[in-house]
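Trainee: Here you go, work02.cif (mmCIF, C-alpha atoms and all ligand atoms):
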```cif
data_work
#
loop_
_atom_site.label_atom_id
_atom_site.label_comp_id
_atom_site.auth_asym_id
_atom_site.auth_seq_id
_atom_site.Cartn_x
_atom_site.Cartn_y
_atom_site.Cartn_z
CA MET A 1 -33.32 379.96 351.13
CA LEU A 2 -34.21 376.91 349.04
CA ILE A 3 -36.98 374.99 350.79
CA GLY A 4 -37.92 371.43 349.82
CA VAL A 5 -41.29 369.71 350.27
CA PRO A 6 -41.16 365.95 349.64
CA LYS A 7 -44.24 363.75 349.24
CA GLU A 8 -45.09 361.90 352.48
CA ILE A 9 -44.49 358.15 352.26
CA LYS A 10 -45.94 356.77 355.50
CA ASN A 11 -48.91 354.36 355.17
CA HIS A 12 -51.99 356.27 353.96
CA GLU A 13 -50.38 359.62 354.74
CA TYR A 14 -51.76 362.23 352.36
CA ARG A 15 -50.82 365.36 354.31
CA VAL A 16 -48.17 367.63 352.83
CA GLY A 17 -45.69 369.90 354.61
CA MET A 18 -46.73 373.05 352.77
CA THR A 19 -49.94 374.05 350.98
CA PRO A 20 -49.76 376.14 347.80
CA ALA A 21 -50.86 379.14 349.92
CA SER A 22 -47.90 378.61 352.30
CA VAL A 23 -45.50 378.21 349.38
CA ASN A 24 -46.82 381.48 348.00
CA GLU A 25 -45.98 383.24 351.31
CA LEU A 26 -42.40 381.90 351.25
CA ILE A 27 -41.93 382.99 347.65
CA GLN A 28 -43.30 386.47 348.52
CA HIS A 29 -40.53 386.60 351.17
CA GLY A 30 -37.92 386.00 348.46
CA HIS A 31 -37.35 382.27 348.98
CA GLN A 32 -37.43 379.40 346.49
CA VAL A 33 -39.50 376.25 346.99
CA ILE A 34 -39.09 372.85 345.35
CA VAL A 35 -42.02 370.44 345.70
CA GLU A 36 -41.94 366.74 344.83
CA THR A 37 -44.39 365.86 342.08
CA GLN A 38 -47.83 364.74 343.39
CA ALA A 39 -46.92 365.80 346.96
CA GLY A 40 -50.38 367.32 347.49
CA ALA A 41 -52.29 365.31 344.91
CA GLY A 42 -54.12 363.16 347.48
CA ILE A 43 -55.83 366.21 348.98
CA GLY A 44 -56.55 368.23 345.87
CA PHE A 45 -53.35 370.32 345.60
CA SER A 46 -52.04 369.61 342.09
CA ASP A 47 -48.54 370.25 340.74
CA ALA A 48 -50.13 373.03 338.68
CA ASP A 49 -51.42 374.69 341.90
CA TYR A 50 -47.86 374.77 343.27
CA GLN A 51 -46.42 375.95 339.95
CA ALA A 52 -49.00 378.74 339.80
CA VAL A 53 -47.52 380.29 342.97
CA GLY A 54 -43.95 379.89 341.70
CA ALA A 55 -42.77 376.51 343.06
CA ASN A 56 -40.51 374.25 341.05
CA ILE A 57 -41.77 370.69 340.72
CA SER A 58 -39.25 367.90 341.10
CA SER A 59 -39.68 364.38 339.81
CA SER A 60 -38.21 362.64 342.88
CA ALA A 61 -37.69 362.87 346.63
CA ALA A 62 -33.96 362.36 346.04
CA GLU A 63 -33.85 365.56 344.01
CA VAL A 64 -35.73 367.50 346.72
CA PHE A 65 -33.46 366.24 349.51
CA ALA A 66 -30.32 366.90 347.44
CA ALA A 67 -31.28 370.47 346.55
CA ALA A 68 -33.00 371.91 349.63
CA GLU A 69 -31.40 373.70 352.58
CA MET A 70 -34.55 373.16 354.66
CA ILE A 71 -36.88 370.17 354.32
CA VAL A 72 -40.46 370.77 355.51
CA LYS A 73 -42.44 367.58 356.13
CA VAL A 74 -45.29 366.26 358.25
CA LYS A 75 -44.34 362.83 359.60
CA GLU A 76 -41.03 361.63 361.00
CA PRO A 77 -38.57 360.79 358.19
CA GLN A 78 -38.74 357.15 357.19
CA ALA A 79 -35.49 355.13 356.81
CA VAL A 80 -35.10 355.92 353.09
CA GLU A 81 -35.63 359.62 353.81
CA ARG A 82 -33.17 359.62 356.71
CA ALA A 83 -30.55 358.19 354.38
CA MET A 84 -30.96 361.27 352.15
CA LEU A 85 -30.40 363.86 354.92
CA ARG A 86 -27.02 365.54 354.95
CA GLU A 87 -24.75 367.44 357.35
CA ASP A 88 -26.16 370.84 358.36
CA GLN A 89 -29.42 370.38 356.41
CA LEU A 90 -32.43 371.68 358.35
CA LEU A 91 -35.34 369.27 358.89
CA PHE A 92 -38.63 370.71 360.21
CA THR A 93 -41.31 368.08 360.92
CA TYR A 94 -42.83 365.83 363.60
CA LEU A 95 -40.17 363.44 364.98
CA HIS A 96 -41.51 361.71 368.16
CA LEU A 97 -38.04 360.36 368.98
CA ALA A 98 -38.58 359.07 372.55
CA PRO A 99 -40.11 355.72 371.47
CA ASP A 100 -37.95 355.45 368.32
CA PRO A 101 -34.25 354.62 368.92
CA GLU A 102 -33.64 353.65 365.28
CA GLN A 103 -34.76 357.01 363.95
CA THR A 104 -32.88 358.84 366.70
CA HIS A 105 -29.60 357.12 365.86
CA ASP A 106 -30.06 357.75 362.12
CA LEU A 107 -30.75 361.46 362.69
CA ILE A 108 -27.70 361.76 364.94
CA LYS A 109 -25.60 360.01 362.28
CA SER A 110 -26.91 362.29 359.51
CA GLY A 111 -25.38 365.46 360.99
CA ALA A 112 -28.60 367.30 360.10
CA VAL A 113 -30.33 369.94 362.24
CA CYS A 114 -33.67 368.44 363.26
CA VAL A 115 -36.39 370.65 364.74
CA ALA A 116 -39.45 368.70 365.93
CA TYR A 117 -42.86 370.34 365.70
CA GLU A 118 -44.04 368.56 368.85
CA THR A 119 -41.51 370.07 371.26
CA VAL A 120 -41.69 373.70 370.09
CA THR A 121 -43.21 375.66 373.00
CA SER A 122 -45.05 378.96 373.29
CA PRO A 123 -44.66 381.88 375.70
CA ARG A 124 -48.37 381.39 376.48
CA GLY A 125 -47.74 377.73 377.42
CA GLY A 126 -48.70 374.66 375.46
CA LEU A 127 -47.27 373.16 372.30
CA PRO A 128 -48.37 375.35 369.37
CA LEU A 129 -47.26 373.01 366.57
CA LEU A 130 -48.67 369.87 368.17
CA ALA A 131 -51.97 371.57 369.08
CA PRO A 132 -53.65 371.58 365.65
CA MET A 133 -53.04 367.86 365.09
CA SER A 134 -54.12 367.09 368.64
CA GLU A 135 -57.37 368.94 367.94
CA VAL A 136 -57.89 366.75 364.88
CA ALA A 137 -56.84 363.50 366.59
CA GLY A 138 -58.93 364.25 369.69
CA ARG A 139 -62.03 364.78 367.59
CA MET A 140 -61.28 361.73 365.42
CA ALA A 141 -60.71 359.57 368.49
CA ILE A 142 -64.45 359.55 369.20
CA GLN A 143 -65.29 358.62 365.58
CA ALA A 144 -62.70 355.82 365.73
CA GLY A 145 -63.94 354.73 369.14
CA ALA A 146 -67.58 354.70 368.05
CA LEU A 147 -66.67 352.40 365.17
CA ALA A 148 -64.53 350.17 367.41
CA LEU A 149 -67.58 349.60 369.66
CA GLU A 150 -69.58 348.14 366.76
CA LYS A 151 -70.00 344.34 366.78
CA SER A 152 -68.35 343.85 363.38
CA LYS A 153 -65.13 345.35 364.79
CA GLY A 154 -65.15 343.17 367.91
CA GLY A 155 -66.87 345.80 370.03
CA ARG A 156 -69.64 345.22 372.58
CA GLY A 157 -72.27 346.75 370.33
CA VAL A 158 -73.11 349.94 372.16
CA LEU A 159 -74.03 353.31 370.68
CA LEU A 160 -72.16 356.22 372.26
CA GLY A 161 -75.24 358.37 372.77
CA GLY A 162 -77.67 355.56 373.56
CA VAL A 163 -81.31 356.19 372.60
CA PRO A 164 -84.39 357.25 374.60
CA GLY A 165 -84.91 354.50 377.14
CA VAL A 166 -81.39 353.05 376.79
CA GLY A 167 -78.46 354.77 378.50
CA PRO A 168 -75.36 356.12 376.75
CA ALA A 169 -71.91 354.54 376.64
CA LYS A 170 -69.37 355.52 379.28
CA VAL A 171 -66.33 357.28 377.80
CA THR A 172 -63.21 357.76 379.95
CA VAL A 173 -60.72 360.31 378.64
CA ILE A 174 -57.25 360.20 380.25
CA GLY A 175 -55.47 363.54 379.82
CA GLY A 176 -57.34 366.86 379.61
CA GLY A 177 -55.03 368.62 377.16
CA MET A 178 -55.68 369.30 373.47
CA VAL A 179 -56.50 365.70 372.57
CA GLY A 180 -58.57 365.10 375.70
CA ARG A 181 -60.61 368.30 375.50
CA ASN A 182 -61.39 367.80 371.81
CA ALA A 183 -62.34 364.18 372.38
CA ALA A 184 -64.55 365.20 375.29
CA GLN A 185 -66.24 367.88 373.19
CA MET A 186 -67.21 365.33 370.53
CA ALA A 187 -68.26 362.68 373.06
CA VAL A 188 -70.45 365.13 374.98
CA GLY A 189 -71.91 366.32 371.68
CA MET A 190 -72.87 362.73 370.84
CA GLY A 191 -74.57 362.31 374.20
CA ALA A 192 -72.07 359.94 375.83
CA ASP A 193 -71.48 359.75 379.59
CA VAL A 194 -68.02 361.36 379.74
CA THR A 195 -65.40 361.39 382.50
CA ILE A 196 -62.08 363.17 381.99
CA LEU A 197 -58.99 362.62 384.15
CA ASP A 198 -55.93 364.82 384.49
CA ARG A 199 -53.30 365.29 387.15
CA ASN A 200 -53.29 369.07 386.70
CA ILE A 201 -56.06 370.53 388.84
CA ASP A 202 -56.11 373.78 386.82
CA VAL A 203 -56.85 371.77 383.68
CA LEU A 204 -59.79 370.11 385.47
CA ARG A 205 -61.04 373.48 386.75
CA ALA A 206 -61.05 374.94 383.23
CA ILE A 207 -62.90 371.91 381.80
CA ASP A 208 -65.43 371.93 384.64
CA ALA A 209 -66.13 375.63 384.08
CA GLU A 210 -66.63 375.03 380.36
CA TYR A 211 -69.03 372.10 380.62
CA HIS A 212 -71.27 373.06 383.54
CA GLY A 213 -71.96 369.48 384.60
CA GLN A 214 -72.20 367.95 381.12
CA LEU A 215 -69.18 365.79 381.99
CA LYS A 216 -67.32 364.69 385.12
CA THR A 217 -63.75 365.68 385.97
CA VAL A 218 -61.62 363.37 388.11
CA TYR A 219 -58.13 363.85 389.52
CA SER A 220 -55.83 361.26 387.95
CA THR A 221 -54.27 358.70 390.31
CA THR A 222 -53.53 355.00 389.91
CA SER A 223 -56.80 354.25 391.73
CA SER A 224 -59.02 356.66 389.79
CA ILE A 225 -57.59 355.49 386.46
CA GLU A 226 -58.31 351.89 387.46
CA GLN A 227 -61.89 352.65 388.47
CA HIS A 228 -62.78 354.66 385.38
CA VAL A 229 -61.02 352.35 382.90
CA LEU A 230 -62.81 349.30 384.34
CA GLU A 231 -66.18 351.07 384.13
CA ALA A 232 -65.63 352.38 380.58
CA ASP A 233 -66.99 351.26 377.26
CA LEU A 234 -64.47 353.49 375.51
CA VAL A 235 -61.13 354.79 376.85
CA ILE A 236 -59.27 357.61 375.12
CA GLY A 237 -55.52 357.88 375.89
CA GLY A 238 -54.49 361.54 375.56
CA VAL A 239 -51.68 362.03 378.09
CA LEU A 240 -48.38 363.70 377.34
CA LEU A 241 -45.16 364.52 379.12
CA PRO A 242 -43.65 366.74 376.38
CA GLY A 243 -40.82 365.02 374.51
CA ALA A 244 -40.85 361.99 376.81
CA ALA A 245 -42.13 358.45 376.36
CA ALA A 246 -45.82 358.22 377.34
CA PRO A 247 -46.40 356.92 380.89
CA LYS A 248 -47.92 353.41 380.90
CA LEU A 249 -51.03 354.28 382.90
CA ILE A 250 -53.17 351.36 381.66
CA THR A 251 -51.46 348.13 382.68
CA LYS A 252 -51.89 344.71 381.05
CA ASP A 253 -53.82 343.55 384.10
CA LEU A 254 -56.16 346.52 383.87
CA VAL A 255 -56.87 345.68 380.21
CA LYS A 256 -57.63 342.08 381.25
CA GLY A 257 -60.20 343.41 383.69
CA MET A 258 -61.98 345.65 381.17
CA LYS A 259 -65.40 344.68 379.83
CA ALA A 260 -65.32 342.33 376.84
CA GLY A 261 -65.88 344.42 373.70
CA SER A 262 -64.82 347.70 375.26
CA ALA A 263 -62.32 349.80 373.31
CA ILE A 264 -59.14 351.83 373.81
CA VAL A 265 -58.17 354.58 371.38
CA ASP A 266 -54.56 355.29 372.40
CA VAL A 267 -53.87 358.64 370.76
CA ALA A 268 -50.62 358.92 372.75
CA ILE A 269 -49.23 356.04 370.66
CA ASP A 270 -46.91 358.44 368.79
CA GLN A 271 -45.03 358.80 372.09
CA GLY A 272 -45.19 355.04 372.67
CA GLY A 273 -48.77 354.77 373.97
CA CYS A 274 -50.24 354.96 377.50
CA ALA A 275 -51.50 351.35 377.59
CA GLU A 276 -49.04 348.49 378.05
CA THR A 277 -50.97 346.57 375.39
CA SER A 278 -50.70 349.32 372.75
CA LYS A 279 -48.63 348.94 369.61
CA ALA A 280 -48.67 351.34 366.67
CA THR A 281 -51.09 350.52 363.84
CA THR A 282 -51.81 352.05 360.43
CA HIS A 283 -54.88 353.50 358.71
CA GLN A 284 -54.88 350.40 356.52
CA ASP A 285 -55.11 348.05 359.51
CA PRO A 286 -56.04 350.27 362.45
CA ILE A 287 -57.41 347.90 365.10
CA TYR A 288 -56.48 344.69 366.91
CA ILE A 289 -57.85 342.91 369.96
CA VAL A 290 -56.12 342.02 373.24
CA ASP A 291 -58.08 340.26 376.01
CA ASP A 292 -61.37 341.09 374.22
CA VAL A 293 -60.57 344.81 374.24
CA VAL A 294 -60.49 346.51 370.83
CA HIS A 295 -57.36 348.67 370.42
CA TYR A 296 -57.08 351.53 367.90
CA CYS A 297 -53.48 352.84 367.89
CA VAL A 298 -52.92 354.74 364.64
CA ALA A 299 -49.81 356.90 365.04
CA ASN A 300 -50.78 359.36 362.31
CA MET A 301 -54.50 359.75 362.91
CA PRO A 302 -54.76 363.23 361.33
CA GLY A 303 -53.52 361.69 358.07
CA GLY A 304 -56.99 360.14 357.78
CA VAL A 305 -58.49 363.59 357.29
CA ALA A 306 -55.47 364.89 355.47
CA ARG A 307 -56.99 367.93 353.80
CA THR A 308 -58.35 369.46 357.02
CA SER A 309 -55.16 368.47 358.84
CA THR A 310 -52.77 369.92 356.28
CA MET A 311 -54.52 373.27 356.38
CA ALA A 312 -54.70 373.28 360.20
CA LEU A 313 -51.01 372.31 360.45
CA ASN A 314 -49.93 374.99 357.98
CA ASN A 315 -51.89 377.64 359.92
CA ALA A 316 -49.58 376.88 362.85
CA THR A 317 -46.25 376.10 361.13
CA LEU A 318 -46.17 378.87 358.50
CA PRO A 319 -44.85 381.69 360.74
CA TYR A 320 -42.05 379.38 361.98
CA ILE A 321 -41.13 378.26 358.44
CA ILE A 322 -40.90 381.92 357.40
CA THR A 323 -38.70 382.78 360.41
CA LEU A 324 -36.38 379.81 359.82
CA ALA A 325 -36.08 380.72 356.13
CA ASN A 326 -35.57 384.45 356.74
CA LYS A 327 -33.03 384.17 359.54
CA GLY A 328 -31.48 380.75 358.91
CA TYR A 329 -31.76 378.11 361.64
CA LYS A 330 -28.85 379.41 363.73
CA GLN A 331 -30.14 382.95 364.25
CA ALA A 332 -33.76 381.82 364.48
CA LEU A 333 -32.93 379.31 367.23
CA LEU A 334 -30.69 381.75 369.10
CA ASP A 335 -33.38 384.45 369.04
CA ASP A 336 -36.31 382.35 370.31
CA GLU A 337 -36.04 379.96 373.25
CA HIS A 338 -39.45 378.47 372.39
CA LEU A 339 -38.40 377.55 368.86
CA ARG A 340 -35.10 376.32 370.34
CA ASN A 341 -37.10 373.87 372.48
CA GLY A 342 -37.99 372.22 369.18
CA LEU A 343 -34.36 371.36 368.46
CA ASN A 344 -33.93 367.61 369.04
CA VAL A 345 -30.78 366.74 367.09
CA MET A 346 -27.97 368.89 365.71
CA HIS A 347 -24.63 368.10 364.09
CA GLY A 348 -24.43 364.57 365.46
CA LYS A 349 -25.66 365.38 368.98
CA LEU A 350 -28.99 364.81 370.73
CA THR A 351 -30.28 368.04 372.29
CA CYS A 352 -33.64 367.01 373.81
CA ALA A 353 -33.21 365.95 377.45
CA GLU A 354 -36.47 363.95 377.60
CA VAL A 355 -35.50 361.90 374.55
CA GLY A 356 -32.03 361.36 376.03
CA GLU A 357 -33.60 360.07 379.23
CA ALA A 358 -36.02 357.76 377.37
CA LEU A 359 -33.29 356.28 375.17
CA ASN A 360 -30.32 356.53 377.52
CA ILE A 361 -28.30 358.76 375.20
CA ASP A 362 -26.18 361.71 376.37
CA THR A 363 -27.56 365.12 375.42
CA VAL A 364 -25.94 368.50 374.81
CA GLU A 365 -27.48 371.92 375.58
CA PRO A 366 -28.71 373.51 372.32
CA LEU A 367 -26.94 376.80 373.17
CA GLU A 368 -23.59 375.00 373.38
CA LEU A 369 -23.96 373.91 369.76
CA LEU A 370 -25.40 377.20 368.52
CA ALA A 371 -22.86 379.51 370.15
N1 LIG B 1 -51.80 359.41 367.23
C1 LIG B 1 -51.82 360.57 366.60
O1 LIG B 1 -52.04 360.64 365.40
C2 LIG B 1 -51.63 361.84 367.36
C3 LIG B 1 -51.14 361.77 368.63
N2 LIG B 1 -51.02 362.89 369.39
C4 LIG B 1 -50.48 362.69 370.74
O2 LIG B 1 -51.48 362.79 371.74
C5 LIG B 1 -50.84 363.02 373.00
C6 LIG B 1 -51.52 364.15 373.75
O3 LIG B 1 -51.27 365.38 373.08
P1 LIG B 1 -51.88 366.77 373.59
O4 LIG B 1 -53.26 366.59 374.03
O5 LIG B 1 -51.58 367.77 372.54
O6 LIG B 1 -50.96 367.08 374.85
P2 LIG B 1 -51.27 368.18 375.97
O7 LIG B 1 -49.92 368.53 376.54
O8 LIG B 1 -52.14 369.25 375.45
O9 LIG B 1 -52.12 367.37 377.05
C7 LIG B 1 -51.60 366.29 377.77
C8 LIG B 1 -52.30 366.24 379.11
O10 LIG B 1 -51.93 365.03 379.77
C9 LIG B 1 -51.94 365.32 381.14
N3 LIG B 1 -51.27 364.26 381.89
C10 LIG B 1 -49.94 363.99 382.01
N4 LIG B 1 -49.75 362.96 382.81
C11 LIG B 1 -50.99 362.52 383.19
C12 LIG B 1 -51.47 361.48 384.03
N5 LIG B 1 -50.62 360.65 384.67
N6 LIG B 1 -52.80 361.32 384.18
C13 LIG B 1 -53.67 362.14 383.56
N7 LIG B 1 -53.28 363.17 382.77
C14 LIG B 1 -51.96 363.34 382.59
C15 LIG B 1 -51.28 366.68 381.23
O11 LIG B 1 -51.53 367.31 382.47
C16 LIG B 1 -51.92 367.40 380.04
O12 LIG B 1 -53.07 368.13 380.44
C17 LIG B 1 -49.37 363.29 372.64
O13 LIG B 1 -48.60 362.12 372.80
C18 LIG B 1 -49.44 363.67 371.18
O14 LIG B 1 -48.21 363.51 370.52
C19 LIG B 1 -51.39 364.13 368.93
C20 LIG B 1 -51.87 364.25 367.65
C21 LIG B 1 -51.99 363.11 366.74
C1 LIG B 2 -48.79 364.58 365.83
C2 LIG B 2 -48.79 363.42 364.96
O1 LIG B 2 -48.25 362.41 365.28
C3 LIG B 2 -49.46 363.48 363.69
O2 LIG B 2 -50.09 364.51 363.39
O3 LIG B 2 -49.38 362.53 362.92
MG MG B 3 -61.64 341.41 379.92
#
```
Any chance you could put this one into structure tokens?

Mentor:
Amino acid sequence: MLIGVPKEIKNHEYRVGMTPASVNELIQHGHQVIVETQAGAGIGFSDADYQAVGANISSSAAEVFAAAEMIVKVKEPQAVERAMLREDQLLFTYLHLAPDPEQTHDLIKSGAVCVAYETVTSPRGGLPLLAPMSEVAGRMAIQAGALALEKSKGGRGVLLGGVPGVGPAKVTVIGGGMVGRNAAQMAVGMGADVTILDRNIDVLRAIDAEYHGQLKTVYSTTSSIEQHVLEADLVIGGVLLPGAAAPKLITKDLVKGMKAGSAIVDVAIDQGGCAETSKATTHQDPIYIVDDVVHYCVANMPGGVARTSTMALNNATLPYIITLANKGYKQALLDDEHLRNGLNVMHGKLTCAEVGEALNIDTVEPLELLA
């Protein structure tokens, strides 16, 4: 198969769909790879590094999209990229369609076969291709939050860990999944007073067993969210209903009631955000203030540490890229229900029920299209 790797074009996005080491694996399996010039340049992977493992370097994204049977990316295709997709071409990347009707309609119109990293499941549970970026974003959320609490950013001027004689900041983490647990790990490590909320009691049990009293676990209800958001210096939004739009757990009124200079890092912004006051921001201009509460809502947080993130992402995606290339999308999707859960759009039809519900679009069962 001919696999194409375009350069990412989202604001300050330096990740790349495949590292030279991943390209090498695909070539060892008998495939060809075409990489857009400078695709990995921002994180130290030169064109020469890709050429050394046998990739062809292309001078433009248009050439990559025109030639490749499968496009491997990181972020959702931007409008100019969507215009280059063609009927039956395989796209393997993050999509986050539920909050993005424009992208959804363009992908449906393209006739392409679009497999989203974030809805691929695993027989062991969880979301194996979202997990590595959630680990990164969860850890970064505390760095971003610490900065947002500084006076120069509009924050209330508190240090997460406090100092001897002055207590730590209170950090409330909503959602105890990959993002939440990684955020909690960093916040506890910095000495903050951490509370983590989830509505899955088994998640809370596992976290409690891991931390032996170094943080508090709380069952998530409207009332407990209200209490712990109002008490917080820093709130981390890390909830997810896979594929679906994020639930708006932090209302406008709740934000109004928060302490002046407190901060919300809404990691769930890629699914629309879990605060009513959240709107997506970029690495270039990451924060804004509503009702004296600093909001950080960068939808591609891992792009900020693009070298670590690219390698972590490739560790997870590589086996799937190899399977899709070896078998072709049809056989690969028929053989593996968990990979099939990643199929969001195919041949002009939406196949992800949660996206259909969020955007009020009819969906078709993947097996109906694959049969
Ligand atoms: N902004 C960015 O750059 C990035 C954003 N993300 C996003 O972060 C979000 C979280 O991802 P993961 O941690 O991997 O998901 P996950 O599935 O591992 O964890 C989500 C958790 O939320 C919990 N939850 C659901 N409803 C809840 C409620 N009402 N109250 C409390 N907890 C609730 C679930 O029980 C689950 O434990 C997703 O939207 C993901 O796409 C992930 C990586 C990067
Ligand atoms: C998951 C996601 O949105 C990201 O890594 O940018
Ligand atoms: Mg207020």

Trainee: What's the 9 Å shell around Gln78 of chain A, counting all atoms listed in the file, without same-chain residues fewer than 5 positions away, as a CSV table (one decimal) with C-alpha atoms, in the coordinates of the input?

Mentor:
```
chain,number,residue,atom,x,y,z
A,9,ILE,CA,-44.5,358.2,352.3
A,10,LYS,CA,-45.9,356.8,355.5
A,83,ALA,CA,-30.6,358.2,354.4
A,103,GLN,CA,-34.8,357.0,364.0
```

Trainee: Got a sec to check which residues lie within 8 Å of ligand LIG 1 (chain B), using only C-alpha atoms and all ligand atoms, and send them as a ChimeraX atom specification?

Mentor: /A:96,118,126-127,130-138,174-181,197-200,203,219-221,225,237-242,246-247,249,266-273,297-303

Trainee: Near Asn344 of chain A, counting all atoms listed in the file, which residues have an atom at most 9 Å away, once you skip same-chain residues fewer than 4 positions from it, shown as an MDAnalysis selection string?

Mentor: chainID A and resid 95 97 113:116 119 340 349:353 355 366

Trainee: 10 Å from ligand MG 3 (chain B) is the threshold here; counting all atoms listed in the file, which polymer residues fall inside it? Answer as a PyMOL selection string.

Mentor: chain A and resi 230+253-262+290-293

Trainee: Kindly save the residues from that selection, with C-alpha atoms included, as an mmCIF file, in the frame of the given file.

Mentor:
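Contents of result26.cif, freshly written:
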```cif
data_model
loop_
_atom_site.group_PDB
_atom_site.id
_atom_site.type_symbol
_atom_site.label_atom_id
_atom_site.label_comp_id
_atom_site.auth_asym_id
_atom_site.auth_seq_id
_atom_site.Cartn_x
_atom_site.Cartn_y
_atom_site.Cartn_z
ATOM 1 C CA LEU A 230 -62.810 349.300 384.340
ATOM 2 C CA ASP A 253 -53.820 343.550 384.100
ATOM 3 C CA LEU A 254 -56.160 346.520 383.870
ATOM 4 C CA VAL A 255 -56.870 345.680 380.210
ATOM 5 C CA LYS A 256 -57.630 342.080 381.250
ATOM 6 C CA GLY A 257 -60.200 343.410 383.690
ATOM 7 C CA MET A 258 -61.980 345.650 381.170
ATOM 8 C CA LYS A 259 -65.400 344.680 379.830
ATOM 9 C CA ALA A 260 -65.320 342.330 376.840
ATOM 10 C CA GLY A 261 -65.880 344.420 373.700
ATOM 11 C CA SER A 262 -64.820 347.700 375.260
ATOM 12 C CA VAL A 290 -56.120 342.020 373.240
ATOM 13 C CA ASP A 291 -58.080 340.260 376.010
ATOM 14 C CA ASP A 292 -61.370 341.090 374.220
ATOM 15 C CA VAL A 293 -60.570 344.810 374.240
#
```

Trainee: What does the distance from atom CA of Met186 of chain A to atom CA of Phe45 of chain A come to in Å, to one decimal?

Mentor: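 Calculated distance between atom CA of Met186 of chain A and atom CA of Phe45 of chain A is 29.0 Å.
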
Trainee: Can you tell me, as JSON, the centre and edge lengths (Å, one decimal) of the axis-aligned box enclosing all of ligand LIG 2 (chain B)'s listed atoms after padding each side by 4 Å?

Mentor:
```
{"center_x": -49.2, "center_y": 363.5, "center_z": 364.4, "size_x": 9.8, "size_y": 10.2, "size_z": 10.9}
```

Trainee: Write out as a list in words which residues come within 8 Å of His295 of chain A when counting all atoms listed in the file, dropping same-chain ones fewer than 3 positions away.

Mentor: Ala148, Ala263, Ile264, Val265, Asp266, Ser278, Ile287, Tyr288, Ile289 and Val290 of chain A

Trainee: Report as a ChimeraX atom specification all protein, DNA and RNA residues lying within 10 Å of Met84 of chain A, evaluated on all atoms listed in the file, omitting residues in the same chain fewer than 4 positions from it.

Mentor: /A:61-66,77,79-80,110

Trainee: Measuring between all atoms listed in the file, which one of A:Leu129, A:Val166, A:Val72, A:Ala112 shows the shortest distance to Ala316 of chain A?

Mentor: A:Leu129

Trainee: Identify which of the residues A:Lys216, A:His31, A:Arg156, A:Lys73 lies closest to ligand LIG 2 (chain B), counting all atoms listed in the file when measuring atom-to-atom distances.

Mentor: A:Lys73

Trainee: Considering only C-alpha atoms and all ligand atoms, state which residue in the set A:Gly304, A:Gly348, A:Gly213, A:Gly356 is at the smallest distance from ligand LIG 2 (chain B).

Mentor: A:Gly304

Trainee: Grab the atom CA of Ser22 of chain A to atom CA of Thr323 of chain A distance for me, in Å with one decimal place.

Mentor: 13.0 Å

Trainee: So how many Å separate atom CA of Thr19 of chain A and atom CA of Lys330 of chain A, to one decimal?

Mentor: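 Going from atom CA of Thr19 of chain A over to atom CA of Lys330 of chain A covers 25.2 Å.
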
Trainee: Name the closest residue to Leu333 of chain A among the candidates A:Leu370, A:Gly4, A:Thr282, A:Ala206; distances are taken between atoms, counting all atoms listed in the file.

Mentor: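 Of all the options, A:Leu370 lies closest to Leu333 of chain A.
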
Trainee: Between A:Leu367, A:Ala187, A:Ala39, A:Leu147, single out the one closest to Pro286 of chain A, counting only C-alpha atoms.

Mentor: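 Result for the nearest residue to Pro286 of chain A: A:Leu147.
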
Trainee: With distances taken over all atoms listed in the file, which of A:Leu334, A:Ala232, A:Val53, A:Ala41 is nearest to Glu13 of chain A?

Mentor: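 Distance minimum relative to Glu13 of chain A lands on A:Ala41.
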